[in-house]
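Data file: protein.cif. Format and content: mmCIF, C-alpha atoms.
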data_model
loop_
_atom_site.label_atom_id
_atom_site.label_comp_id
_atom_site.auth_asym_id
_atom_site.auth_seq_id
_atom_site.Cartn_x
_atom_site.Cartn_y
_atom_site.Cartn_z
CA MET P 1 17.36 7.90 36.21
CA SER P 2 20.06 5.67 37.71
CA LYS P 3 23.73 6.27 36.83
CA SER P 4 24.18 2.81 35.38
CA LEU P 5 21.15 3.13 33.11
CA VAL P 6 22.47 6.46 31.81
CA ILE P 7 25.90 5.02 31.14
CA SER P 8 24.63 1.89 29.42
CA LEU P 9 22.25 3.95 27.24
CA VAL P 10 25.01 6.33 26.15
CA VAL P 11 27.54 3.57 25.49
CA PHE P 12 24.94 1.45 23.69
CA SER P 13 23.80 4.22 21.37
CA ILE P 14 27.34 5.30 20.52
CA VAL P 15 28.35 1.73 19.68
CA TRP P 16 25.13 1.40 17.68
CA ILE P 17 25.87 4.56 15.67
CA ILE P 18 29.38 3.32 14.94
CA ILE P 19 28.05 -0.05 13.74
CA ILE P 20 25.57 1.66 11.41
CA LEU P 21 28.15 4.03 9.97
CA ARG P 22 30.51 1.09 9.34
CA LEU P 23 27.77 -0.88 7.60
CA VAL P 24 27.10 2.09 5.33
CA ARG P 25 30.81 2.47 4.55
CA ASN P 26 31.10 -1.22 3.65
CA GLY P 27 28.07 -1.02 1.41
CA LYS P 28 26.00 -3.40 3.54
CA LEU P 29 23.39 -0.76 4.39
CA SER P 30 22.28 1.91 1.95
CA ILE P 31 22.59 5.50 3.13
CA LYS P 32 18.88 5.97 2.55
CA TYR P 33 17.85 3.30 5.02
CA SER P 34 20.64 4.19 7.47
CA MET P 35 18.85 7.48 8.16
CA ILE P 36 16.00 5.88 10.07
CA TRP P 37 18.46 3.82 12.11
CA LEU P 38 20.63 6.84 12.86
CA PHE P 39 17.52 8.69 13.96
CA VAL P 40 16.65 5.85 16.35
CA SER P 41 20.18 5.81 17.81
CA LEU P 42 20.23 9.57 18.19
CA VAL P 43 16.98 9.53 20.16
CA LEU P 44 18.45 6.91 22.49
CA LEU P 45 21.60 9.01 22.87
CA ILE P 46 19.55 12.08 23.78
CA VAL P 47 17.66 10.01 26.34
CA GLY P 48 20.99 9.03 27.90
CA VAL P 49 22.62 12.47 27.79
CA PHE P 50 19.70 14.49 29.18
CA PRO P 51 18.24 12.54 32.11
CA LYS P 52 16.65 15.78 33.42
CA LEU P 53 14.68 16.12 30.22
CA MET P 54 13.53 12.54 30.68
CA ASP P 55 12.28 13.40 34.19
CA LEU P 56 10.11 16.14 32.73
CA ILE P 57 8.72 13.99 29.93
CA SER P 58 8.16 11.09 32.28
CA ASN P 59 6.10 13.24 34.64
CA PHE P 60 4.20 14.81 31.81
CA PHE P 61 3.10 11.47 30.33
CA GLY P 62 2.53 9.91 33.75
CA PHE P 63 5.16 7.16 33.61
CA LEU P 64 5.86 5.73 37.06
CA THR P 65 9.58 5.31 36.50
CA ILE P 66 12.07 6.64 34.00
CA SER P 67 13.01 3.13 32.91
CA ASN P 68 9.40 2.62 31.83
CA LEU P 69 9.69 5.74 29.73
CA VAL P 70 12.88 4.44 28.15
CA ILE P 71 11.14 1.18 27.26
CA GLY P 72 8.20 3.17 25.93
CA ILE P 73 10.47 5.24 23.71
CA ILE P 74 12.25 2.14 22.40
CA LEU P 75 8.90 0.47 21.64
CA THR P 76 7.69 3.52 19.74
CA LEU P 77 10.88 3.63 17.73
CA LEU P 78 10.53 -0.07 16.89
CA LEU P 79 6.96 0.49 15.73
CA LEU P 80 8.17 3.34 13.54
CA LEU P 81 10.91 1.14 12.11
CA THR P 82 8.56 -1.72 11.23
CA LEU P 83 6.17 0.73 9.59
CA VAL P 84 8.99 2.08 7.44
CA LEU P 85 9.99 -1.50 6.58
CA THR P 86 6.43 -2.32 5.49
CA MET P 87 6.44 0.77 3.31
CA ILE P 88 9.66 -0.39 1.69
CA VAL P 89 8.21 -3.88 1.15
CA THR P 90 5.12 -2.37 -0.50
CA ASN P 91 7.27 -0.39 -2.86
CA GLN P 92 9.44 -3.38 -3.69
CA LYS P 93 6.41 -5.55 -4.25
CA SER P 94 5.14 -3.23 -6.97
CA GLN P 95 8.62 -3.11 -8.50
CA ILE P 96 8.82 -6.92 -8.55
CA ASN P 97 5.31 -7.02 -10.03
CA ASN P 98 6.51 -4.79 -12.85
CA LEU P 99 9.61 -6.87 -13.42
CA ILE P 100 7.67 -10.15 -13.62
CA GLN P 101 5.27 -8.62 -16.15
CA GLU P 102 7.98 -7.12 -18.34
CA VAL P 103 10.16 -10.24 -18.30
CA SER P 104 7.17 -12.47 -19.09
CA MET P 105 6.21 -10.21 -21.99
CA LEU P 106 9.77 -10.27 -23.33
CA LYS P 107 9.83 -14.06 -23.15
CA LYS P 108 6.68 -14.21 -25.27
CA ASP P 109 8.21 -12.21 -28.10
CA LYS P 110 11.19 -14.56 -28.30
CA MET W 1 -15.59 5.13 -38.84
CA GLU W 2 -12.21 3.53 -38.40
CA LYS W 3 -12.18 -0.08 -37.27
CA LYS W 4 -11.16 -0.46 -33.66
CA LYS W 5 -8.60 -3.08 -32.76
CA ILE W 6 -10.03 -5.22 -29.99
CA ILE W 7 -8.29 -7.78 -27.81
CA LEU W 8 -9.68 -10.18 -25.24
CA VAL W 9 -7.47 -10.41 -22.16
CA ILE W 10 -8.06 -13.80 -20.57
CA PRO W 11 -6.42 -14.33 -17.18
CA ALA W 12 -5.97 -18.03 -16.51
CA TYR W 13 -4.89 -19.75 -13.34
CA ASN W 14 -5.25 -23.53 -13.41
CA GLU W 15 -7.87 -23.50 -16.15
CA GLU W 16 -6.74 -26.63 -18.02
CA GLU W 17 -10.28 -27.95 -18.29
CA SER W 18 -11.92 -24.86 -19.76
CA ILE W 19 -9.33 -22.66 -21.43
CA LEU W 20 -9.36 -24.50 -24.77
CA LYS W 21 -13.16 -24.42 -24.91
CA THR W 22 -13.14 -20.71 -24.13
CA TYR W 23 -10.67 -20.03 -26.93
CA GLN W 24 -12.59 -22.16 -29.42
CA GLY W 25 -15.72 -20.22 -28.52
CA VAL W 26 -13.97 -16.98 -29.52
CA GLU W 27 -12.69 -18.50 -32.77
CA GLU W 28 -16.18 -19.69 -33.58
CA TYR W 29 -17.47 -16.16 -32.94
CA ASN W 30 -14.78 -14.68 -35.20
CA LYS W 31 -16.00 -16.74 -38.15
CA THR W 32 -19.26 -14.84 -38.31
CA ALA W 33 -18.56 -11.57 -36.52
CA LYS W 34 -17.79 -8.38 -38.39
CA GLU W 35 -15.29 -7.32 -35.74
CA LYS W 36 -12.54 -9.89 -35.31
CA LEU W 37 -11.31 -10.38 -31.77
CA ASP W 38 -7.70 -11.08 -30.92
CA VAL W 39 -6.95 -13.06 -27.80
CA ILE W 40 -4.16 -12.96 -25.28
CA VAL W 41 -4.27 -15.49 -22.46
CA ILE W 42 -2.26 -14.53 -19.41
CA ASN W 43 -1.20 -17.76 -17.77
CA ASP W 44 -0.69 -16.70 -14.16
CA GLY W 45 1.82 -19.36 -13.18
CA SER W 46 -0.68 -22.22 -13.40
CA LYS W 47 0.41 -25.44 -11.73
CA ASP W 48 -1.69 -27.69 -13.96
CA LYS W 49 -1.46 -28.33 -17.71
CA THR W 50 -2.74 -24.87 -18.75
CA LYS W 51 0.65 -23.95 -20.21
CA GLU W 52 0.95 -27.14 -22.28
CA ILE W 53 -2.60 -26.73 -23.61
CA LEU W 54 -1.89 -23.11 -24.62
CA GLU W 55 1.28 -24.14 -26.46
CA LYS W 56 -0.15 -27.23 -28.13
CA ASN W 57 -3.14 -25.36 -29.55
CA ASN W 58 -1.24 -22.24 -30.61
CA ILE W 59 -3.30 -19.99 -28.40
CA PRO W 60 -1.62 -16.58 -28.08
CA HIS W 61 -0.44 -16.34 -24.50
CA ILE W 62 2.00 -14.91 -22.02
CA ASN W 63 3.33 -17.16 -19.28
CA LEU W 64 3.93 -15.12 -16.16
CA ILE W 65 7.15 -16.38 -14.61
CA CYS W 66 5.63 -16.11 -11.12
CA ASN W 67 2.04 -16.11 -9.91
CA LEU W 68 0.88 -12.50 -9.60
CA GLY W 69 -2.81 -12.86 -8.80
CA ILE W 70 -5.74 -11.81 -10.96
CA GLY W 71 -4.90 -8.09 -10.83
CA GLY W 72 -1.32 -8.57 -11.92
CA ALA W 73 -2.40 -10.89 -14.72
CA VAL W 74 -5.04 -8.54 -16.12
CA GLN W 75 -2.63 -5.60 -15.86
CA THR W 76 -0.12 -7.58 -17.94
CA GLY W 77 -2.83 -7.93 -20.59
CA TYR W 78 -3.42 -4.16 -20.57
CA LYS W 79 0.29 -3.48 -20.97
CA TYR W 80 0.43 -5.95 -23.84
CA ALA W 81 -2.61 -4.32 -25.46
CA LEU W 82 -0.97 -0.88 -25.15
CA GLU W 83 2.28 -2.04 -26.68
CA ASN W 84 0.48 -3.70 -29.55
CA ASN W 85 -1.73 -0.71 -30.31
CA TYR W 86 -5.11 -2.13 -29.41
CA ASP W 87 -7.92 0.40 -29.02
CA ILE W 88 -10.06 -1.69 -26.69
CA ALA W 89 -9.10 -4.37 -24.18
CA ILE W 90 -11.75 -6.66 -22.80
CA GLN W 91 -11.23 -8.66 -19.65
CA TYR W 92 -12.78 -12.06 -20.25
CA ASP W 93 -12.87 -15.08 -17.98
CA GLY W 94 -11.25 -18.32 -19.06
CA ASP W 95 -13.67 -20.51 -17.15
CA GLY W 96 -16.68 -20.32 -19.46
CA GLN W 97 -18.71 -17.84 -17.39
CA HIS W 98 -18.83 -15.18 -20.07
CA ASP W 99 -20.57 -15.28 -23.42
CA VAL W 100 -18.53 -13.85 -26.28
CA ASN W 101 -21.71 -12.86 -28.12
CA TYR W 102 -22.08 -9.91 -25.74
CA VAL W 103 -18.76 -8.42 -26.81
CA GLY W 104 -20.52 -6.32 -29.44
CA ASP W 105 -22.80 -4.78 -26.79
CA ILE W 106 -19.90 -4.14 -24.47
CA VAL W 107 -17.68 -2.32 -26.95
CA LYS W 108 -20.45 -0.24 -28.48
CA PRO W 109 -20.46 2.59 -25.88
CA ILE W 110 -16.68 2.91 -26.28
CA GLU W 111 -16.91 2.97 -30.08
CA ASN W 112 -19.56 5.68 -29.83
CA ASN W 113 -17.31 7.64 -27.46
CA GLU W 114 -19.91 7.45 -24.72
CA ALA W 115 -17.74 5.63 -22.20
CA ASN W 116 -14.16 4.77 -21.35
CA MET W 117 -15.10 1.64 -19.45
CA VAL W 118 -18.07 -0.64 -20.03
CA ILE W 119 -19.04 -3.27 -17.50
CA GLY W 120 -20.97 -6.34 -18.58
CA SER W 121 -23.55 -6.38 -15.84
CA ARG W 122 -25.82 -9.12 -14.52
CA PHE W 123 -28.03 -6.72 -12.60
CA VAL W 124 -28.89 -3.83 -14.90
CA GLN W 125 -32.00 -5.45 -16.30
CA LYS W 126 -33.84 -7.29 -13.60
CA ASP W 127 -35.77 -9.56 -15.94
CA LYS W 128 -32.73 -11.06 -17.63
CA GLU W 129 -32.19 -14.74 -17.07
CA GLY W 130 -28.92 -16.41 -16.22
CA PHE W 131 -26.54 -16.85 -13.37
CA LYS W 132 -26.88 -14.10 -10.77
CA SER W 133 -24.56 -15.44 -8.10
CA SER W 134 -25.48 -16.61 -4.60
CA LYS W 135 -27.62 -14.63 -2.15
CA ALA W 136 -24.68 -13.88 0.17
CA ARG W 137 -22.53 -12.74 -2.71
CA ARG W 138 -25.27 -10.43 -3.94
CA ILE W 139 -25.58 -8.79 -0.54
CA GLY W 140 -21.83 -8.20 -0.64
CA ILE W 141 -22.13 -6.75 -4.13
CA ASN W 142 -24.89 -4.38 -2.95
CA VAL W 143 -22.79 -3.18 -0.02
CA ILE W 144 -19.82 -2.47 -2.29
CA SER W 145 -22.15 -0.81 -4.78
CA PHE W 146 -23.41 1.46 -1.96
CA PHE W 147 -19.88 2.53 -1.02
CA ILE W 148 -18.99 3.23 -4.65
CA LYS W 149 -22.07 5.46 -4.88
CA LEU W 150 -21.04 7.19 -1.67
CA LYS W 151 -17.55 7.84 -2.96
CA THR W 152 -18.22 8.67 -6.61
CA ARG W 153 -21.97 9.51 -6.76
CA LYS W 154 -22.31 6.96 -9.52
CA LYS W 155 -24.38 3.82 -9.18
CA ILE W 156 -22.59 0.71 -10.40
CA TYR W 157 -24.72 -2.41 -10.16
CA ASP W 158 -22.44 -5.33 -10.96
CA VAL W 159 -19.29 -4.20 -9.17
CA THR W 160 -17.47 -7.53 -9.31
CA SER W 161 -18.14 -8.36 -12.93
CA GLY W 162 -14.97 -9.58 -14.61
CA PHE W 163 -16.41 -8.99 -18.07
CA ARG W 164 -15.47 -5.44 -18.98
CA ALA W 165 -13.98 -3.37 -21.74
CA ILE W 166 -11.68 -0.36 -21.41
CA ASP W 167 -10.23 2.06 -23.93
CA ARG W 168 -6.62 3.16 -24.32
CA SER W 169 -6.86 6.09 -21.91
CA LEU W 170 -7.83 3.70 -19.12
CA MET W 171 -5.14 1.22 -20.12
CA GLU W 172 -2.68 4.06 -19.57
CA LEU W 173 -4.18 4.71 -16.13
CA PHE W 174 -4.22 1.03 -15.15
CA LYS W 175 -0.71 0.46 -16.46
CA ASN W 176 0.62 2.46 -13.53
CA TYR W 177 -1.75 1.26 -10.87
CA TYR W 178 -3.96 -1.79 -10.80
CA PRO W 179 -4.99 -3.44 -7.53
CA VAL W 180 -3.47 -6.86 -6.98
CA GLU W 181 -6.38 -8.31 -5.02
CA TYR W 182 -10.04 -7.98 -6.05
CA PRO W 183 -9.25 -5.44 -8.77
CA GLU W 184 -12.67 -4.94 -10.35
CA PRO W 185 -14.51 -2.64 -7.90
CA ILE W 186 -11.35 -0.79 -6.89
CA SER W 187 -10.21 -0.03 -10.42
CA THR W 188 -13.73 1.10 -11.32
CA VAL W 189 -13.58 3.66 -8.53
CA ASN W 190 -10.13 4.69 -9.67
CA ALA W 191 -11.51 5.35 -13.17
CA LEU W 192 -14.52 7.29 -11.84
CA LYS W 193 -12.39 9.35 -9.48
CA ASN W 194 -10.24 10.37 -12.43
CA ASN W 195 -13.31 11.52 -14.36
CA TYR W 196 -13.46 8.67 -16.83
CA LYS W 197 -16.89 7.59 -17.98
CA VAL W 198 -18.10 4.19 -16.86
CA SER W 199 -21.26 2.55 -18.11
CA GLU W 200 -22.96 -0.80 -17.69
CA VAL W 201 -24.65 -2.96 -20.27
CA PRO W 202 -26.76 -6.00 -19.46
CA VAL W 203 -25.25 -9.43 -20.08
CA VAL W 204 -26.23 -12.93 -19.13
CA MET W 205 -23.59 -15.03 -17.41
CA LYS W 206 -23.38 -18.75 -17.08
CA GLU W 207 -22.48 -20.51 -13.91
CA ARG W 208 -18.80 -21.40 -13.89
CA GLU W 209 -18.34 -24.70 -15.57
CA LYS W 210 -15.14 -25.84 -13.97
CA GLY W 211 -12.92 -24.61 -11.21
CA LYS W 212 -13.67 -22.49 -8.18
CA SER W 213 -14.40 -18.79 -8.00
CA SER W 214 -11.34 -16.85 -6.96
CA ILE W 215 -13.25 -15.59 -3.91
CA SER W 216 -13.69 -18.40 -1.41
CA SER W 217 -16.26 -17.99 1.33
CA TRP W 218 -14.02 -17.84 4.40
CA LYS W 219 -12.18 -14.90 2.89
CA ASN W 220 -15.37 -12.87 2.58
CA VAL W 221 -14.87 -10.65 5.62
CA TYR W 222 -11.31 -9.89 4.65
CA TYR W 223 -12.52 -9.24 1.12
CA MET W 224 -15.21 -6.75 2.18
CA ILE W 225 -12.92 -4.79 4.51
CA ASN W 226 -10.16 -4.73 1.93
CA VAL W 227 -12.43 -3.51 -0.86
CA ILE W 228 -14.36 -0.94 1.19
CA LEU W 229 -11.15 0.54 2.62
CA SER W 230 -9.61 0.71 -0.85
CA ILE W 231 -12.70 2.42 -2.24
CA MET W 232 -12.94 4.99 0.52
CA LEU W 233 -9.23 5.81 0.39
CA MET W 234 -9.06 6.13 -3.39
CA LYS W 235 -7.61 9.41 -4.53
CA GLY W 236 -8.29 11.08 -7.85
CA ASN W 237 -5.39 12.63 -9.70
CA LYS W 238 -7.35 15.01 -11.82
#

Spell out the structure here as structure tokens.
Amino acid sequence: MSKSLVISLVVFSIVWIIIILRLVRNGKLSIKYSMIWLFVSLVLLIVGVFPKLMDLISNFFGFLTISNLVIGIILTLLLLLTLVLTMIVTNQKSQINNLIQEVSMLKKDK
Amino acid sequence: MEKKKIILVIPAYNEEESILKTYQGVEEYNKTAKEKLDVIVINDGSKDKTKEILEKNNIPHINLICNLGIGGAVQTGYKYALENNYDIAIQYDGDGQHDVNYVGDIVKPIENNEANMVIGSRFVQKDKEGFKSSKARRIGINVISFFIKLKTRKKIYDVTSGFRAIDRSLMELFKNYYPVEYPEPISTVNALKNNYKVSEVPVVMKEREKGKSSISSWKNVYYMINVILSIMLMKGNK
């Protein structure tokens, strides 16, 4: 893995982690949902810090270059993130459903 | 035997042309019937004059503040029935498809403690007259019926019938989970999987007088996949 790719990955993930922690501190991101983002940043950090490990994984999965592997990892993480988001939406949808029903029933009794 | 309190839950979405007639039909029935039926219309955010008609004619109703879809509307009715101590809740269409004179048949198995859910079925007795739905729709119904048998070992003939009665134990179950889209077959499987008793009684249905069926033809593929997946993935809690 090229030096510059390693450096940009490490710098990027550290900045990313700082941004997330600040958002949590300012109440803009709940601690619950920050976990998945921190996990994503940590994986990217590991990718940057252990290029040797990446070599091994890259060979094992048959990627032609390490940068392809990095893109592959990022894609997988994004897929994971969107799945988690859809799960959250599903949960909120049923909560909203409940709210609409209860409010509508209360309005009838008035 | 103690008298059971029965309520008709009528979900209504843009039913301005038929809702009053439906309600008057029930009132007419109440004049002669020995079991009086209460009514609650769930107005699912109709965009037409349904709300005004309900208010003008003093029809008991709940106006949902947003459109929830048929499942959400019926579930609201079940919650209302629970809170107001009804023993039996009957889902009943507002578009004139169902005949209130069959209510007696439908509640009987529940009153005799033989079933928790009773489906008013077009297909139990083959010789019965009346509206049996289009050929394509019936093929779809047979396919869903097959998957329900596969999953629960129980044959349900009219899986999409929206004319059904449930007792309080099932209201409790459906209060917590009721499918938003195409709720009838999925909630039936949910009941069976949780060891509730489901039975079918023959009814005759009329063709819808006004309005469109909630299942339009181009959605059929989506509908089938959705329902079959839901059935096969259903988990029993007991």

Explicit residues for the PyMOL selection byres ((chain W) within 8 of (chain P)) (as an MDAnalysis selection string):
chainID W and resid 61:66 68 72 76 80

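Taking CA of Gly236 (chain W) and CA of Asn190 (chain W) as endpoints, the distance between them is 6.9 Å.
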
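When only C-alpha atoms are used to compute distances to Pro202 (chain W), the closest of the residues W:Ser187, W:Ser46, W:Asn85, W:Ser161 turns out to be W:Ser161.
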
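Residues surrounding region 53-57 of chain W within 9 Å are Glu16, Ile19, Leu20, Val41 and Asn43 of chain W [only C-alpha atoms; sequence separation below 6 positions excluded].
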
Output file for the residues above (C-alpha atoms, as an mmCIF file, keeping the file's coordinate frame):
data_model
loop_
_atom_site.group_PDB
_atom_site.id
_atom_site.type_symbol
_atom_site.label_atom_id
_atom_site.label_comp_id
_atom_site.auth_asym_id
_atom_site.auth_seq_id
_atom_site.Cartn_x
_atom_site.Cartn_y
_atom_site.Cartn_z
ATOM 1 C CA GLU W 16 -6.740 -26.630 -18.020
ATOM 2 C CA ILE W 19 -9.330 -22.660 -21.430
ATOM 3 C CA LEU W 20 -9.360 -24.500 -24.770
ATOM 4 C CA VAL W 41 -4.270 -15.490 -22.460
ATOM 5 C CA ASN W 43 -1.200 -17.760 -17.770
#

Result set, the PyMOL selection byres ((chain W and resi 82) around 12) on current file, as a PDB file with C-alpha atoms, keeping the file's coordinate frame:
ATOM      1  CA  LYS W   5      -8.600  -3.080 -32.760  1.00  0.00           C
ATOM      2  CA  ILE W   6     -10.030  -5.220 -29.990  1.00  0.00           C
ATOM      3  CA  ILE W   7      -8.290  -7.780 -27.810  1.00  0.00           C
ATOM      4  CA  VAL W   9      -7.470 -10.410 -22.160  1.00  0.00           C
ATOM      5  CA  GLN W  75      -2.630  -5.600 -15.860  1.00  0.00           C
ATOM      6  CA  THR W  76      -0.120  -7.580 -17.940  1.00  0.00           C
ATOM      7  CA  GLY W  77      -2.830  -7.930 -20.590  1.00  0.00           C
ATOM      8  CA  TYR W  78      -3.420  -4.160 -20.570  1.00  0.00           C
ATOM      9  CA  LYS W  79       0.290  -3.480 -20.970  1.00  0.00           C
ATOM     10  CA  TYR W  80       0.430  -5.950 -23.840  1.00  0.00           C
ATOM     11  CA  ALA W  81      -2.610  -4.320 -25.460  1.00  0.00           C
ATOM     12  CA  GLU W  83       2.280  -2.040 -26.680  1.00  0.00           C
ATOM     13  CA  ASN W  84       0.480  -3.700 -29.550  1.00  0.00           C
ATOM     14  CA  ASN W  85      -1.730  -0.710 -30.310  1.00  0.00           C
ATOM     15  CA  TYR W  86      -5.110  -2.130 -29.410  1.00  0.00           C
ATOM     16  CA  ASP W  87      -7.920   0.400 -29.020  1.00  0.00           C
ATOM     17  CA  ILE W  88     -10.060  -1.690 -26.690  1.00  0.00           C
ATOM     18  CA  ALA W  89      -9.100  -4.370 -24.180  1.00  0.00           C
ATOM     19  CA  ILE W 166     -11.680  -0.360 -21.410  1.00  0.00           C
ATOM     20  CA  ASP W 167     -10.230   2.060 -23.930  1.00  0.00           C
ATOM     21  CA  ARG W 168      -6.620   3.160 -24.320  1.00  0.00           C
ATOM     22  CA  SER W 169      -6.860   6.090 -21.910  1.00  0.00           C
ATOM     23  CA  LEU W 170      -7.830   3.700 -19.120  1.00  0.00           C
ATOM     24  CA  MET W 171      -5.140   1.220 -20.120  1.00  0.00           C
ATOM     25  CA  GLU W 172      -2.680   4.060 -19.570  1.00  0.00           C
ATOM     26  CA  LEU W 173      -4.180   4.710 -16.130  1.00  0.00           C
ATOM     27  CA  PHE W 174      -4.220   1.030 -15.150  1.00  0.00           C
ATOM     28  CA  LYS W 175      -0.710   0.460 -16.460  1.00  0.00           C
TER      29      LYS W 175
END

What does the structure give for the distance between CA of Lys197 (chain W) and CA of Glu114 (chain W), in Å to one decimal?
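Spanning CA of Lys197 (chain W) to CA of Glu114 (chain W) is a straight-line distance of 7.4 Å.
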
For this structure, which residues satisfy the selection - the PyMOL selection byres ((chain W and resi 90-96) around 7) - when it is evaluated on the file as given? I want them as a list in words.
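Given this file, the PyMOL selection byres ((chain W and resi 90-96) around 7) evaluates to Ile7, Leu8, Val9, Ile10, Pro11, Ala12, Glu15, Ser18, Ile19, Thr22, Ile88, Ala89, Gln97, His98, Gly162, Phe163, Arg164, Ala165, Ile166, Arg208, Glu209 and Lys210 of chain W.
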
How big is the axis-aligned box around all listed atoms of region 3-18 of chain W once 5 Å goes on each side, and where's its centre, in Å to one decimal, as lines of an AutoDock Vina configuration file?
center_x = -8.5
center_y = -14.0
center_z = -25.3
size_x = 17.3
size_y = 37.9
size_z = 33.9

Surrounding residues of region 34-40 of chain P excluding itself and chain neighbours under 5 positions, 9 Å, all atoms listed in the file, as a ChimeraX atom specification
/P:13,16-17,20-21,23-24,29,45,74,77-78,80-81,84

One number please: CA of Val198 (chain W) to CA of Val100 (chain W), in Å, one decimal.
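Distance between the two atoms: 20.4 Å.
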
Have a look at W:Asn30, W:Ala73, W:Phe123, W:Lys21 and name the one nearest to Tyr178 (chain W); count all atoms listed in the file.
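For Tyr178 (chain W), the nearest of the given residues is W:Ala73.
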
Could you add the missing atoms to region 42-55 of chain W, up to N, CA, C and O atoms, and return them as a PDB file, keeping the file's coordinate frame?
ATOM      1  N   ILE W  42      -3.347 -14.743 -20.357  1.00  0.00           N
ATOM      2  CA  ILE W  42      -2.260 -14.530 -19.410  1.00  0.00           C
ATOM      3  C   ILE W  42      -2.249 -15.700 -18.441  1.00  0.00           C
ATOM      4  O   ILE W  42      -3.108 -15.814 -17.554  1.00  0.00           O
ATOM      5  N   ASN W  43      -1.300 -16.590 -18.632  1.00  0.00           N
ATOM      6  CA  ASN W  43      -1.200 -17.760 -17.770  1.00  0.00           C
ATOM      7  C   ASN W  43      -0.465 -17.359 -16.490  1.00  0.00           C
ATOM      8  O   ASN W  43       0.735 -17.134 -16.480  1.00  0.00           O
ATOM      9  N   ASP W  44      -1.222 -17.271 -15.410  1.00  0.00           N
ATOM     10  CA  ASP W  44      -0.690 -16.700 -14.160  1.00  0.00           C
ATOM     11  C   ASP W  44       0.023 -17.782 -13.330  1.00  0.00           C
ATOM     12  O   ASP W  44      -0.361 -18.068 -12.202  1.00  0.00           O
ATOM     13  N   GLY W  45       1.055 -18.365 -13.921  1.00  0.00           N
ATOM     14  CA  GLY W  45       1.820 -19.360 -13.180  1.00  0.00           C
ATOM     15  C   GLY W  45       1.006 -20.584 -12.792  1.00  0.00           C
ATOM     16  O   GLY W  45       1.162 -21.104 -11.680  1.00  0.00           O
ATOM     17  N   SER W  46       0.158 -21.058 -13.694  1.00  0.00           N
ATOM     18  CA  SER W  46      -0.680 -22.220 -13.400  1.00  0.00           C
ATOM     19  C   SER W  46       0.174 -23.436 -13.048  1.00  0.00           C
ATOM     20  O   SER W  46       1.247 -23.629 -13.606  1.00  0.00           O
ATOM     21  N   LYS W  47      -0.336 -24.243 -12.132  1.00  0.00           N
ATOM     22  CA  LYS W  47       0.410 -25.440 -11.730  1.00  0.00           C
ATOM     23  C   LYS W  47      -0.068 -26.662 -12.502  1.00  0.00           C
ATOM     24  O   LYS W  47       0.532 -27.716 -12.418  1.00  0.00           O
ATOM     25  N   ASP W  48      -1.184 -26.529 -13.216  1.00  0.00           N
ATOM     26  CA  ASP W  48      -1.690 -27.690 -13.960  1.00  0.00           C
ATOM     27  C   ASP W  48      -1.195 -27.643 -15.409  1.00  0.00           C
ATOM     28  O   ASP W  48      -0.156 -27.068 -15.699  1.00  0.00           O
ATOM     29  N   LYS W  49      -1.933 -28.208 -16.326  1.00  0.00           N
ATOM     30  CA  LYS W  49      -1.460 -28.330 -17.710  1.00  0.00           C
ATOM     31  C   LYS W  49      -1.849 -27.132 -18.577  1.00  0.00           C
ATOM     32  O   LYS W  49      -1.763 -27.201 -19.815  1.00  0.00           O
ATOM     33  N   THR W  50      -2.310 -26.037 -17.974  1.00  0.00           N
ATOM     34  CA  THR W  50      -2.740 -24.870 -18.750  1.00  0.00           C
ATOM     35  C   THR W  50      -1.686 -24.465 -19.782  1.00  0.00           C
ATOM     36  O   THR W  50      -1.983 -24.246 -20.957  1.00  0.00           O
ATOM     37  N   LYS W  51      -0.422 -24.400 -19.335  1.00  0.00           N
ATOM     38  CA  LYS W  51       0.650 -23.950 -20.210  1.00  0.00           C
ATOM     39  C   LYS W  51       0.806 -24.868 -21.431  1.00  0.00           C
ATOM     40  O   LYS W  51       0.904 -24.394 -22.565  1.00  0.00           O
ATOM     41  N   GLU W  52       0.785 -26.169 -21.188  1.00  0.00           N
ATOM     42  CA  GLU W  52       0.950 -27.140 -22.280  1.00  0.00           C
ATOM     43  C   GLU W  52      -0.205 -27.008 -23.279  1.00  0.00           C
ATOM     44  O   GLU W  52       0.000 -27.032 -24.490  1.00  0.00           O
ATOM     45  N   ILE W  53      -1.428 -26.856 -22.730  1.00  0.00           N
ATOM     46  CA  ILE W  53      -2.600 -26.730 -23.610  1.00  0.00           C
ATOM     47  C   ILE W  53      -2.476 -25.476 -24.482  1.00  0.00           C
ATOM     48  O   ILE W  53      -2.738 -25.511 -25.685  1.00  0.00           O
ATOM     49  N   LEU W  54      -2.037 -24.373 -23.883  1.00  0.00           N
ATOM     50  CA  LEU W  54      -1.890 -23.110 -24.620  1.00  0.00           C
ATOM     51  C   LEU W  54      -0.880 -23.299 -25.759  1.00  0.00           C
ATOM     52  O   LEU W  54      -1.085 -22.843 -26.885  1.00  0.00           O
ATOM     53  N   GLU W  55       0.238 -23.980 -25.452  1.00  0.00           N
ATOM     54  CA  GLU W  55       1.280 -24.140 -26.460  1.00  0.00           C
ATOM     55  C   GLU W  55       0.840 -25.091 -27.567  1.00  0.00           C
ATOM     56  O   GLU W  55       1.047 -24.822 -28.741  1.00  0.00           O
TER      57      GLU W  55
END
